[in-house]
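Data block below; observations after.
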Protein chains: 2
Amino acid sequence: MNAVINYLRENKEQYLQGLFDYIRIPSISSLPERREDMYRTANFLKQWLLKAGADKAEVYPTKGNPVAYAEKIIDPAKPTVLIYGHYDVMPVDPLSLWETEPFEPVIRDRKIFARGADDDKGQVFIQLAVFDAMVKTGFLPCNVKFMIEGEEEIGSPSLSLFCEENKEMLKADIFLISDTAMISKDVSSITVGLRGLCYMEVEVTGPDHDLHSGLFGGAVANPANELAKIIAKLTDEKNRICIPGFYDDVLEVSKEERAEMAKAPFNLEKYKKQLDINEVCGEEGYTTPERTGIRPTLDVNGIWGGYIGEGSKTVLPSKATAKISMRLVPNQDYEKIAVLFEKYIREITPPYVKVKVTAMHGGYPYVSPIDIPAYKAAVKAIEKTFGVLPVPFHSGGSIPIVSTFEKVIGVKSILMGFGLETDATHSPNENFDLDIFYKGMETVAWFYHYFTE
Amino acid sequence: MNAVINYLRENKEQYLQGLFDYIRIPSISSLPERREDMYRTANFLKQWLLKAGADKAEVYPTKGNPVAYAEKIIDPAKPTVLIYGHYDVMPVDPLSLWETEPFEPVIRDRKIFARGADDDKGQVFIQLAVFDAMVKTGFLPCNVKFMIEGEEEIGSPSLSLFCEENKEMLKADIFLISDTAMISKDVSSITVGLRGLCYMEVEVTGPDHDLHSGLFGGAVANPANELAKIIAKLTDEKNRICIPGFYDDVLEVSKEERAEMAKAPFNLEKYKKQLDINEVCGEEGYTTPERTGIRPTLDVNGIWGGYIGEGSKTVLPSKATAKISMRLVPNQDYEKIAVLFEKYIREITPPYVKVKVTAMHGGYPYVSPIDIPAYKAAVKAIEKTFGVLPVPFHSGGSIPIVSTFEKVIGVKSILMGFGLETDATHSPNENFDLDIFYKGMETVAWFYHYFTE
């Protein structure tokens with residue numbers, strides 16, 4: 001192992017430059033005009049993995065963005081680790097809040113600033129670097145496969161079919177995923193729970209064109225006011241979701257488990273200070289980590305209607321729209337929730353406006369086992385490099401495809417992520433800690449070691 | 001009078017081309033980048049009025065956009081009519097809904113399509129044409145002054161001071177304003193009531209940057225959800241405004257007056273069909289014309305926050321903002337209402353978000369007398385050209401400066417407007433009926449005649 005660790009340390013500048021090249025391709029999956037960049041990014045991965053020593057590397061087209069796949073089979077009798085990650089990134093708006101160009105990475109305060117620096121280009125690059133180092137030093141102890149997709153940020157619409165059509169090729173003993181966060185730089189953790197997602201769009205239409213709010217205001221329903229009333233009816237004063245049947249399938253976590261979770265360090269004052277908020281706010285009867293870890297929630301992700309420019313315009317808008325998503329917990333089913341959501345919206349929409357409800361995307365929640373060899377190897381690897389035992393952590397985020405891996409391919413996933421809460425993923429000035437980028441490489445190398453020893 | 005009417009008819013094509021030139025200058029007052037165009041438009045008016053025969057025409061700078069002023073004093077002993085109007089126009093977004101370029105007027109179905117075609121460039125041009133025709137034919141029967149401002153659509157912030165500083169210059173027997181609508185092409189009307197306006201902006205801030213809605217959703221208040229709840233609390237299920245004290249100064253209109261108003265023709269089915277709505281919606285206990293004519297109201301004019309692009313982004317936004325305006329009736333005071341609004345917003349905003357309330361602009365409601373010579377002259381003029389007696393009409397719109405004229409200069413205003421409800425003022429595809437454009441000129445000419453006979 002010393003040779004591998006030394007190789008990683010000696011080549012860290014080269015890996016950093018590789019990551020920078022990877023980041024520079026603006027692979028925003030939600031923008032149709034970036035389609036070509038998605039192919040460029042997948043091809044970047046293919047070439048990089050071939051150079052690192054993969055036996056095979058391909059860009060597989062799908063109905064949406066392509067999947068970059070690679071493998072190195074050193075001995076079919078040995079165990080196989082499949083690395084899953086995504087090369088697509090979130091949009092960058094509002095651009096004005098970025099201190100530097102989102103797709104031109106810079107180092108500041110020992111952090112890499114760029115869209116994708118953490119989520120998920122930085123984290124995927126840790127995996128690429130370790131693969132490269134292990135092959136180059138001749139110490140790769142098992143078979144490795146890579147499946148890096150380009151649609152994670154839009155709900156992985158093509159990956160289920162890709163998995164079904166390539167079941168044999170994707171067979172593995174464990175899926176290793178670096179796309180989550182640790183509790184903090186001092187408190188490492190392994191994510192054992194992920195929330196599911198149900199992402200909807202609600203469009204309210206009043207009159208068929210914008211009206212003068214003086215001539216018509218007071219006599220014609222205003223879709224912006226009506227949309228606000230609809231949203232207000234989605235949650236109650238205890239911050240519980242009002243959609244009938246929404247909680248029916250929610251797995252209530254036992255007192256004992258909640259007591260166990262409560263042992264994980266959490267500093268409320270620091271949390272509030274970091275976000276510049278006076279008070280936290282969430283479902284009555286639950287702590288902040290519980291609210292994001294084991295409880296479902298509902299958020300407006302975007303809302304717009306009428307005049308949103310500078311100054312004023314006395315308009316009664318024709319339409320108002322909101323993007324609304326719900327995070328789900330075991331055993332909620334996003335398809336069922338989408339139906340309940342639409343039914344409730346139609347019930348509470350008054351007759352003097354029209355409403356259109358669209359299901360954008362969704363995914364199931366996931367719970368990872370902690371008694372399997374891969375989990376134990378991840379614990380040992382983190383303890384080795386970070387010096388502390390990692391805590392099992394229920395994340396509020398979603399990686400919808402993880403439950404699909406289990407259903408379609410029958411393989412469990414280990415979520416060994418290296419992000420930090422302060423990384424501003426999905427936000428302006430996304431960043432990734434440079435020390436963790438390097439430490440992450442050594443951790444993954446040790447994971448291979450313990451998993452195969 | 002025959003000479004004047006004939007001159008107007010013979011030169012109508014030339015007046016139409018003059019209006020087109022006037023429209024082509026994109027004088028959007030709410031956009032700072034149009035500042036130069038505001039001066040260009042004011043100068044256009046100056047040159048046009050000098051050519052038409054004004055003794056004096058000037059562009060007066062203000063702190064904001066300039067005022068175009070002109071006058072022709074034929075005899076100080078004769079009565080003086082001051083024409084007030086505005087050369088600024090509303091923004092044109094959403095541009096995609098315009099069938100033709102907003103600042104390149106076209107004739108379609110005997111209507112002029114362009115931003116400002118009605119409001120207020122078309123209506124002001126009627127006044128310019130009549131002045132030109134009366135001077136050219138030598139039949140101008142009284143003194144005429146023009147005060148055309150460039151900030152009406154943003155609440156006339158500079159005009160009060162301009163009026164105070166130029167009291168002597170602006171002295172007149174009556175202010176004549178063409179900036180309102182008639183009930184329909186067949187049912188002419190004179191506006192005798194205008195609503196006041198109180199235009200506010202509410203900005204709700206949660207965390208100091210956008211957050212990942214998975215990692216933080218459910219634990220941190222979402223400003224878009226909170227803004228929706230705030231807006232929902234502004235009106236109740238009877239569509240009454242919930243701001244304490246809001247109705248205190250509202251002048252309740254007597255049963256007799258309401259019965260009189262109810263005689264004006266109004267076709268609810270046609271109204272709904274024209275707007276493509278299933279039902280009207282407004283304050284319980286009032287008819288549609290009453291809801292816009294004699295009752296105050298509250299409308300969201302714009303709302304935005306979070307991700308408003310294509311596709312989806314799982315963001316918990318840092319901020320959400322709404323532009324909210326209230327139409328006021330006698331004897332509500334917009335400055336008092338702004339204070340009550342802000343107080344109530346602060347009361348209903350929960351402690352876990354911050355709120356900023358900004359008063360954008362406002363104006364007092366206005367009621368015009370119907371027993372003065374100028375009103376009677378307007379009635380006769382309309383009857384002469386349209387063939388029917390005009391109905392006194394309470395408009396839902398606001399021309400905030402009208403009450404200022406009375407307060408500062410001590411002059412009443414006659415609101416003889418030639419718009420139609422179908423003109424889409426403030427909306428895409430604004431238009432102005434070509435026949436009414438020409439008929440309006442003859443009406444104004446007859447107004448001068450009856451007012452001075």
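Ligands are numbered from 1 in the order shown, residues from 1 within each chain, and chains are lettered A, B, ... in the order they appear in the structure tokens.
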Enumerate as a ChimeraX atom specification the residues belonging to chain B that approach chain A to within 6 Å, with only C-alpha atoms taken into account.
-> /B:30,207-208,210,212,214-215,218-221,224-225,228-229,232,275-282,288,291-292,297,300-308,311,314-316,352,396-397,426-427
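Restricting the calculation to only C-alpha atoms, the smallest distance between Ala374 of chain B and any of B:Val124, B:Asn6, B:Val411, B:Thr349 is found for B:Val411.
Near Arg24 of chain A, within 10 Å and counting only C-alpha atoms, sit Leu19, Thr41, Pro102, Phe103, Glu104, Pro105, Ala114, Arg115 and Gly116 of chain A, not including residues fewer than 5 positions from it in the same chain.
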Restricting the output to C-alpha atoms, write the selected residues as a compact mmCIF listing (two decimals), in the first residue's frame.
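The resulting file, result.txt, is shown below:
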```txt
# COMPACT_ATOMS: atom_id res chain seq x y z
CA LEU A 19 -9.93 17.60 -12.37
CA THR A 41 -17.57 15.23 -20.86
CA PRO A 102 -18.21 28.84 -12.41
CA PHE A 103 -16.44 26.79 -15.08
CA GLU A 104 -12.92 28.14 -14.55
CA PRO A 105 -11.75 26.48 -11.32
CA ALA A 114 -16.17 25.87 -9.43
CA ARG A 115 -19.50 24.34 -10.40
CA GLY A 116 -19.01 20.59 -9.92
```
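Restricting the calculation to only C-alpha atoms, the smallest distance between Glu260 of chain B and any of B:Phe393, B:Ile409, B:Ser178, B:Gly245 is found for B:Phe393.
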Using DSSP secondary structure from the backbone, list all helix (DSSP H, G or I) positions within segment 135-288 of chain A, as a compact mmCIF listing (two decimals) with C-alpha atoms, in the first residue's frame.
```txt
# COMPACT_ATOMS: atom_id res chain seq x y z
CA VAL A 135 -3.01 0.30 -11.98
CA LYS A 136 0.22 2.26 -12.47
CA THR A 137 1.80 0.80 -9.33
CA GLU A 152 -28.22 12.65 -12.01
CA GLU A 153 -29.17 16.28 -11.42
CA ILE A 154 -32.32 15.86 -13.47
CA LEU A 159 -30.26 5.12 -16.22
CA SER A 160 -32.88 2.55 -15.14
CA LEU A 161 -33.24 1.34 -18.72
CA PHE A 162 -29.45 1.39 -19.17
CA CYS A 163 -29.08 -0.80 -16.07
CA GLU A 164 -31.76 -3.23 -17.26
CA GLU A 165 -30.22 -3.53 -20.71
CA SER A 213 -54.29 45.55 -12.65
CA GLY A 214 -56.21 48.79 -12.27
CA LEU A 215 -58.90 48.07 -14.81
CA PHE A 216 -59.38 44.42 -13.85
CA PRO A 223 -53.09 33.65 -10.59
CA ALA A 224 -50.09 34.83 -8.53
CA ASN A 225 -52.29 35.43 -5.48
CA GLU A 226 -54.05 32.10 -6.08
CA LEU A 227 -50.76 30.20 -6.47
CA ALA A 228 -49.59 31.71 -3.17
CA LYS A 229 -52.78 30.50 -1.49
CA ILE A 230 -52.32 27.02 -2.96
CA ILE A 231 -48.72 26.84 -1.69
CA ALA A 232 -49.81 28.11 1.73
CA LYS A 255 -37.16 5.81 19.82
CA GLU A 256 -34.02 3.71 20.14
CA GLU A 257 -32.78 4.58 16.67
CA ARG A 258 -33.56 8.26 17.24
CA ALA A 259 -31.58 8.14 20.50
CA GLU A 260 -28.69 6.57 18.57
CA MET A 261 -28.86 9.29 15.89
CA LEU A 268 -27.31 24.19 16.38
CA GLU A 269 -25.73 27.60 17.02
CA LYS A 270 -22.98 26.96 14.49
CA TYR A 271 -25.56 25.68 12.01
CA LYS A 272 -27.66 28.83 12.32
CA LYS A 273 -24.62 31.10 12.15
CA GLN A 274 -23.32 29.36 9.05
CA LEU A 275 -26.64 30.01 7.26
CA THR A 288 -32.84 19.43 12.89
```
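Of note, atom CA of Arg40 of chain B and atom CA of Ala129 of chain B are spaced 19.7 Å apart.
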Nearest to Gly85 of chain B among B:Ile372, B:Met147, B:Val379, B:Val250, with distances taken over only C-alpha atoms: which residue is it?
-> B:Met147
Using backbone DSSP assignments, extract all strand (DSSP E) residues from segment 123-285 of chain B; output them as a ChimeraX atom specification.
-> /B:143-149,174-177,189-194,196-205,211-212
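Between atom CA of Arg9 of chain A and atom CA of Ala52 of chain A lies a distance of 16.5 Å.
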Find the spatial neighbours of segment 64-80 of chain B, counting only C-alpha atoms, within a cut-off of 9 Å - ignore same-chain residues fewer than 5 positions away - and output them as JSON, numbers by chain.
-> {"B": [29, 35, 38, 39, 41, 42, 43, 45, 46, 49, 50, 53, 54, 55, 56, 57, 58, 59, 86, 87, 140, 141, 142, 143, 144, 145, 146, 147, 148, 149, 150, 151, 157, 158, 159, 162, 171, 172, 173, 174, 175, 451, 452]}
Write a file of the selected residues as a compact mmCIF listing (two decimals), in the first residue's frame, keeping C-alpha atoms.
```
# COMPACT_ATOMS: atom_id res chain seq x y z
CA SER B 29 -39.88 54.79 -18.03
CA ARG B 35 -33.16 57.35 -20.16
CA MET B 38 -37.12 59.75 -22.69
CA TYR B 39 -35.35 62.95 -23.75
CA THR B 41 -39.51 61.62 -26.90
CA ALA B 42 -39.89 64.89 -24.99
CA ASN B 43 -37.99 66.68 -27.75
CA LEU B 45 -43.19 66.61 -28.63
CA LYS B 46 -41.48 70.00 -28.35
CA LEU B 49 -45.92 71.43 -30.96
CA LEU B 50 -43.74 74.29 -32.22
CA GLY B 53 -48.09 76.63 -33.81
CA ALA B 54 -47.24 76.80 -30.10
CA ASP B 55 -45.86 80.18 -28.94
CA LYS B 56 -43.50 78.40 -26.65
CA ALA B 57 -42.41 74.80 -26.21
CA GLU B 58 -39.77 73.54 -23.80
CA VAL B 59 -38.32 70.32 -22.41
CA HIS B 86 -47.73 61.09 -20.62
CA TYR B 87 -45.20 60.04 -23.21
CA LEU B 140 -58.57 77.94 -31.98
CA PRO B 141 -61.15 79.43 -29.58
CA CYS B 142 -59.14 79.56 -26.34
CA ASN B 143 -55.70 79.37 -24.79
CA VAL B 144 -54.12 75.90 -24.76
CA LYS B 145 -51.30 74.50 -22.66
CA PHE B 146 -49.68 71.08 -22.88
CA MET B 147 -47.94 69.27 -20.04
CA ILE B 148 -46.84 65.81 -21.18
CA GLU B 149 -44.78 63.95 -18.59
CA GLY B 150 -42.49 60.93 -18.79
CA GLU B 151 -43.09 59.16 -15.50
CA PRO B 157 -42.49 60.89 -8.82
CA SER B 158 -41.24 64.23 -10.20
CA LEU B 159 -44.45 65.89 -11.33
CA PHE B 162 -42.77 70.42 -11.17
CA LYS B 171 -52.74 77.91 -14.39
CA ALA B 172 -55.80 76.89 -16.37
CA ASP B 173 -59.57 76.68 -16.18
CA ILE B 174 -59.62 72.97 -16.72
CA PHE B 175 -57.19 70.09 -17.16
CA PHE B 451 -66.53 74.71 -23.79
CA THR B 452 -66.02 78.22 -25.28
```
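The two atoms in question, atom CA of Ala338 of chain B and atom CA of Cys198 of chain B, are spaced 6.5 Å apart.
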For Phe139 of chain B, work out the shell of residues within 9 Å, counting only C-alpha atoms and skipping chain neighbours fewer than 6 positions away, then give it as a PyMOL selection string.
-> chain B and resi 1+3-4+133
Can you list, as a list in words, every protein, DNA or RNA residue that comes within 8 Å of Asp37 of chain B when you count only C-alpha atoms, leaving out same-chain residues fewer than 4 positions away?
-> Ile25, Pro26, Ser27 and Thr41 of chain B
Which residue, A:Leu251, A:Leu420, A:Ile414, A:Ala117, has the smallest gap to Ile370 of chain A when you use only C-alpha atoms?
-> A:Ile414
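Candidate residues B:Tyr450, B:Asn431, B:Lys185, B:Glu168 were compared for distance to Lys121 of chain B, and the nearest is B:Asn431, using only C-alpha atoms.
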